[in-house]
Amino acid sequence: MPLSGDLLRLADAVLFPGFAGHAPPDWLRRRLGEGLAGVVLFSRNIAGPEQVARLTAALRAENPAVLVGADEESGEVTRLEAAGGSSRPGAYALGVVDDVALTEAVAADLGGDLARVGVTIDFAPSADVNSNPDNPVIGLRAFGADPDLVARHTRAFVRGLQSAGVAACAKHFPGHGDTSVDSHHGVPVVAEQGIEEALRPFRGAIAAGVKAVMTGHLLVPSYDAERPATLSPKVLTGLLREELGFDGVIITDGIEMAAVSGAYGIGGASARAIAAGADAICVGGERADEATAAAIRDAIASAVAEGLLPEERLADAARRVRELAAWTTSSGSP
């Protein structure tokens with residue numbers, strides 16, 4: 001059965017693909033005109049501030065409400081300054097200094113740079129508590145190993161970034177710090193005894209009004225012994241929405257990572273993530289082509305048509321993404 005245009009547009013309204021090049025390819029322009037929610041910029045898309053500003057202006061010409069995201073954490077993980085390294089201290093350095101006013105000022109300055117080039121959502125800060133020295137992913141990206149320190153600096157970073165009109169996105173929910181596996185390759189498991197400490201910075205981010213939370217592809221057996229957080233209604237809806245009271249946009253980490261796509265494929269994982277409570281699908285770190293973005297859209301729409309994903313859940317996800325876009329295009333005040 002052919003999928004309706006309305007259903008395909010609704011599926012596009014929750015999708016954030018990556019792409020290659022310093023200018024938007026034709027397929028991306030076309031999809032933006034048809035209602036694609038947003039894009040994710042990687043270092044491959046960035047040559048300098050003027051070029052990024054031209055790129056985001058070209059994206060907005062096709063869809064004025066487009067959300068433009070990037071992983072700009074400062075320190076180790078930078079997109080805007082990928083060529084020479086970040087000129088700002090990273091999270092670990094800020095945690096060592098432990099001056100929340102400084103962290104807020106650094107984030108506000110970073111937000112100003114992002115806003116000037118048209119980036120509207122920053123996949124930062126890392127709210128992970130780096131409590132496992134064998135962790136292969138987080139390390140210096142975390143403010144530290146003390147949950148209270150991480151929580152206060154997460155709040156400060158969120159306040160600073162959003163004061164510049166750029167949405168902050170706390171990650172990787174419910175905490176990637178106490179793991180020893182990289183979710184690009186396998187499924188990390190969060191130890192039950194550390195979950196409350198891992199959640200503390202996310203509670204802080206929500207209290208500070210964070211606009212978005214990024215899911216981690218992590219197994220949290222104390223909540224769901226079978227499905228990683230990104231695909232788990234118990235974690236995304238039960239824990240994040242209902243228990244922690246988060247009402248903003250839930251966006252997935254890269255859906256092509258083996259921890260979630262291995263069992264279901266990229267399209268199947270995307271549909272299951274939306275059904276679990278995610279509002280937006282991030283893809284394109286590794287798979288940045290038109291076929292991938294089309295396959296995800298079609299898989300989400302097919303899941304609705306087949307009764308596996310309630311259309312109301314997809315519509316609710318699209319509404320939350322729209323509301324975030326409206327916030328970023330308003331006066332810039334949180």
# chains A, B, ... in the order shown; residues from 1 in each chain; ligands from 1
>>> select_by_dssp(residues="stretch 135-171 of chain A", states="alpha helix (DSSP H)", output="list in words")
Pro147, Asp148, Leu149, Val150, Ala151, Arg152, His153, Thr154, Arg155, Ala156, Phe157, Val158, Arg159, Gly160, Leu161, Gln162 and Ser163 of chain A
>>> residues_around(residues="A:Ala167", least_positions_apart="5", cutoff="6 Å", atoms="only C-alpha atoms", output="number ranges by chain")
A: 121, 162, 211
>>> residues_around(residues="A:Val150", least_positions_apart="4", cutoff="10 Å", atoms="only C-alpha atoms", output="CSV table (one decimal) with all heavy atoms, in the first residue's frame")
chain,number,residue,atom,x,y,z
A,91,ALA,N,34.6,20.5,29.2
A,91,ALA,CA,33.8,20.3,30.5
A,91,ALA,C,34.7,19.9,31.6
A,91,ALA,O,34.5,20.4,32.8
A,91,ALA,CB,32.7,19.2,30.2
A,92,TYR,N,35.7,19.0,31.4
A,92,TYR,CA,36.5,18.5,32.5
A,92,TYR,C,37.3,19.7,33.1
A,92,TYR,O,37.4,19.8,34.3
A,92,TYR,CB,37.4,17.4,32.0
A,92,TYR,CG,38.3,16.9,33.2
A,92,TYR,CD1,37.8,16.1,34.2
A,92,TYR,CD2,39.7,17.3,33.2
A,92,TYR,CE1,38.6,15.6,35.2
A,92,TYR,CE2,40.5,16.8,34.3
A,92,TYR,CZ,39.9,16.0,35.2
A,92,TYR,OH,40.7,15.5,36.3
A,95,GLY,N,35.1,21.8,35.2
A,95,GLY,CA,34.8,21.1,36.4
A,95,GLY,C,35.9,21.2,37.4
A,95,GLY,O,35.7,21.3,38.6
A,98,ASP,N,35.7,24.6,38.8
A,98,ASP,CA,34.5,24.6,39.6
A,98,ASP,C,34.0,26.0,40.0
A,98,ASP,O,33.7,26.3,41.1
A,98,ASP,CB,34.7,23.7,40.9
A,98,ASP,CG,33.4,23.4,41.6
A,98,ASP,OD1,32.4,23.5,40.9
A,98,ASP,OD2,33.5,22.9,42.8
A,126,SER,N,27.4,17.5,27.9
A,126,SER,CA,27.4,16.1,28.4
A,126,SER,C,27.1,16.1,29.9
A,126,SER,O,27.9,16.7,30.7
A,126,SER,CB,28.8,15.5,28.1
A,126,SER,OG,29.0,14.3,28.8
A,127,ALA,N,26.0,15.5,30.2
A,127,ALA,CA,25.6,15.5,31.6
A,127,ALA,C,26.0,14.2,32.3
A,127,ALA,O,25.5,13.8,33.3
A,127,ALA,CB,24.1,15.7,31.7
A,128,ASP,N,26.9,13.5,31.6
A,128,ASP,CA,27.3,12.2,32.1
A,128,ASP,C,28.3,12.4,33.3
A,128,ASP,O,29.1,13.3,33.3
A,128,ASP,CB,28.0,11.4,31.0
A,128,ASP,CG,27.2,11.3,29.8
A,128,ASP,OD1,26.2,10.6,29.8
A,128,ASP,OD2,27.5,11.9,28.7
A,129,VAL,N,28.1,11.5,34.3
A,129,VAL,CA,29.0,11.5,35.4
A,129,VAL,C,30.1,10.4,35.1
A,129,VAL,O,29.9,9.3,35.0
A,129,VAL,CB,28.3,11.1,36.7
A,129,VAL,CG1,29.3,11.0,37.9
A,129,VAL,CG2,27.2,12.0,37.0
A,130,ASN,N,31.4,10.9,35.0
A,130,ASN,CA,32.4,10.0,34.5
A,130,ASN,C,33.0,9.2,35.7
A,130,ASN,O,34.1,9.3,36.1
A,130,ASN,CB,33.6,10.8,33.9
A,130,ASN,CG,34.5,9.9,33.0
A,130,ASN,OD1,34.0,9.1,32.3
A,130,ASN,ND2,35.8,10.1,33.2
A,142,ALA,N,33.1,14.9,30.3
A,142,ALA,CA,32.3,15.1,31.5
A,142,ALA,C,32.9,16.2,32.3
A,142,ALA,O,34.1,16.4,32.3
A,142,ALA,CB,32.2,13.8,32.2
A,143,PHE,N,32.0,16.9,33.1
A,143,PHE,CA,32.5,17.9,34.1
A,143,PHE,C,33.3,17.2,35.2
A,143,PHE,O,34.1,17.9,35.9
A,143,PHE,CB,31.4,18.7,34.7
A,143,PHE,CG,30.7,19.6,33.7
A,143,PHE,CD1,29.4,19.3,33.2
A,143,PHE,CD2,31.4,20.7,33.2
A,143,PHE,CE1,28.8,20.2,32.3
A,143,PHE,CE2,30.8,21.6,32.3
A,143,PHE,CZ,29.5,21.3,31.8
A,144,GLY,N,33.1,15.9,35.4
A,144,GLY,CA,33.8,15.2,36.5
A,144,GLY,C,33.2,13.9,36.9
A,144,GLY,O,32.3,13.4,36.2
A,145,ALA,N,33.6,13.4,38.0
A,145,ALA,CA,33.1,12.1,38.5
A,145,ALA,C,32.2,12.3,39.7
A,145,ALA,O,31.6,11.3,40.2
A,145,ALA,CB,34.3,11.2,38.9
A,146,ASP,N,32.0,13.5,40.2
A,146,ASP,CA,31.1,13.8,41.3
A,146,ASP,C,29.7,14.2,40.8
A,146,ASP,O,29.7,15.2,40.1
A,146,ASP,CB,31.7,14.8,42.2
A,146,ASP,CG,30.8,15.3,43.3
A,146,ASP,OD1,29.8,14.6,43.6
A,146,ASP,OD2,31.0,16.4,43.9
A,154,THR,N,26.2,21.4,34.7
A,154,THR,CA,25.2,21.1,33.7
A,154,THR,C,24.2,22.2,33.7
A,154,THR,O,23.8,22.8,32.7
A,154,THR,CB,24.6,19.7,33.9
A,154,THR,OG1,25.5,18.7,33.7
A,154,THR,CG2,23.4,19.5,32.9
A,155,ARG,N,23.7,22.5,34.9
A,155,ARG,CA,22.7,23.6,35.0
A,155,ARG,C,23.3,24.9,34.5
A,155,ARG,O,22.6,25.7,33.7
A,155,ARG,CB,22.2,23.8,36.5
A,155,ARG,CG,21.4,22.7,37.0
A,155,ARG,CD,20.7,23.1,38.3
A,155,ARG,NE,21.7,23.4,39.4
A,155,ARG,CZ,22.1,22.6,40.2
A,155,ARG,NH1,21.7,21.3,40.2
A,155,ARG,NH2,23.0,22.9,41.2
A,156,ALA,N,24.5,25.2,34.9
A,156,ALA,CA,25.1,26.5,34.4
A,156,ALA,C,25.3,26.5,32.9
A,156,ALA,O,25.0,27.6,32.3
A,156,ALA,CB,26.4,26.7,35.1
A,198,ALA,N,23.7,8.9,38.4
A,198,ALA,CA,23.7,9.2,37.0
A,198,ALA,C,22.6,10.2,36.6
A,198,ALA,O,22.8,11.0,35.7
A,198,ALA,CB,23.7,8.0,36.1
A,200,ARG,N,21.2,12.5,38.5
A,200,ARG,CA,21.2,13.8,39.2
A,200,ARG,C,21.5,15.0,38.3
A,200,ARG,O,20.8,16.0,38.3
A,200,ARG,CB,22.2,13.8,40.3
A,200,ARG,CG,21.9,14.7,41.5
A,200,ARG,CD,22.7,14.5,42.7
A,200,ARG,NE,22.6,13.1,43.2
A,200,ARG,CZ,23.5,12.5,44.1
A,200,ARG,NH1,24.5,13.2,44.4
A,200,ARG,NH2,23.3,11.3,44.5
A,201,PRO,N,22.5,14.9,37.4
A,201,PRO,CA,22.7,16.0,36.5
A,201,PRO,C,21.5,16.3,35.5
A,201,PRO,O,21.2,17.4,35.1
A,201,PRO,CB,23.9,15.6,35.7
A,201,PRO,CG,24.6,14.7,36.6
A,201,PRO,CD,23.5,13.9,37.3
A,202,PHE,N,20.8,15.2,35.1
A,202,PHE,CA,19.6,15.4,34.2
A,202,PHE,C,18.5,16.0,35.0
A,202,PHE,O,17.8,16.9,34.4
A,202,PHE,CB,19.2,14.0,33.6
A,202,PHE,CG,20.2,13.5,32.6
A,202,PHE,CD1,21.2,12.5,33.0
A,202,PHE,CD2,20.2,14.0,31.3
A,202,PHE,CE1,22.1,12.1,32.1
A,202,PHE,CE2,21.2,13.5,30.4
A,202,PHE,CZ,22.1,12.6,30.8
A,204,GLY,N,19.0,18.2,37.3
A,204,GLY,CA,19.4,19.6,37.3
A,204,GLY,C,19.2,20.3,36.0
A,204,GLY,O,18.7,21.5,36.0
>>> atom_distance(atom1="atom CA of A:Ala325", atom2="atom CA of A:Glu311")
21.1 Å
>>> residues_around(residues="A:Ala299", least_positions_apart="3", cutoff="9 Å", atoms="only C-alpha atoms", output="list in words")
Ala11, Ile266, Gly267, Gly268, Ser270, Ala271, Ala294, Ala295, Ile296, Ser302, Ala303 and Val304 of chain A
>>> residues_around(residues="A:Phe19", least_positions_apart="3", cutoff="8 Å", atoms="only C-alpha atoms", output="list in words")
Pro24, Pro25, Leu28, Val40, Leu41, Asn45, Gly284, Ala288, Asp289 and Glu290 of chain A
>>> residues_around(residues="stretch 327-331 of chain A", least_positions_apart="5", cutoff="9 Å", atoms="only C-alpha atoms", output="PyMOL selection string")
chain A and resi 64-65+67+120-121+165-167+322
>>> closest_residue(among="A:Val119, A:Leu244, A:Ala293, A:Leu114", to="A:Thr56", atoms="only C-alpha atoms")
A:Val119
>>> closest_residue(among="A:Ala258, A:Ser86, A:Val66, A:Ala20", to="A:Glu323", atoms="only C-alpha atoms")
A:Val66
>>> atom_distance(atom1="atom CA of A:Val260", atom2="atom CA of A:His217")
6.5 Å
>>> closest_residue(among="A:Gly69, A:Gly254, A:Gly21, A:Gly33", to="A:Arg9", atoms="only C-alpha atoms")
A:Gly33
>>> select_by_dssp(residues="stretch 93-330 of chain A", states="strand (DSSP E or B)", output="list in words")
Ile121, Asp122, Ser126, Ala167, Ala168, Cys169, Ala170, Lys171, His172, Phe173, Val189, Ala212, Val213, Met214, Thr215, Leu219, Val220, Asp224, Val249, Ile250, Ile251, Thr252, Ala280, Ile281 and Cys282 of chain A
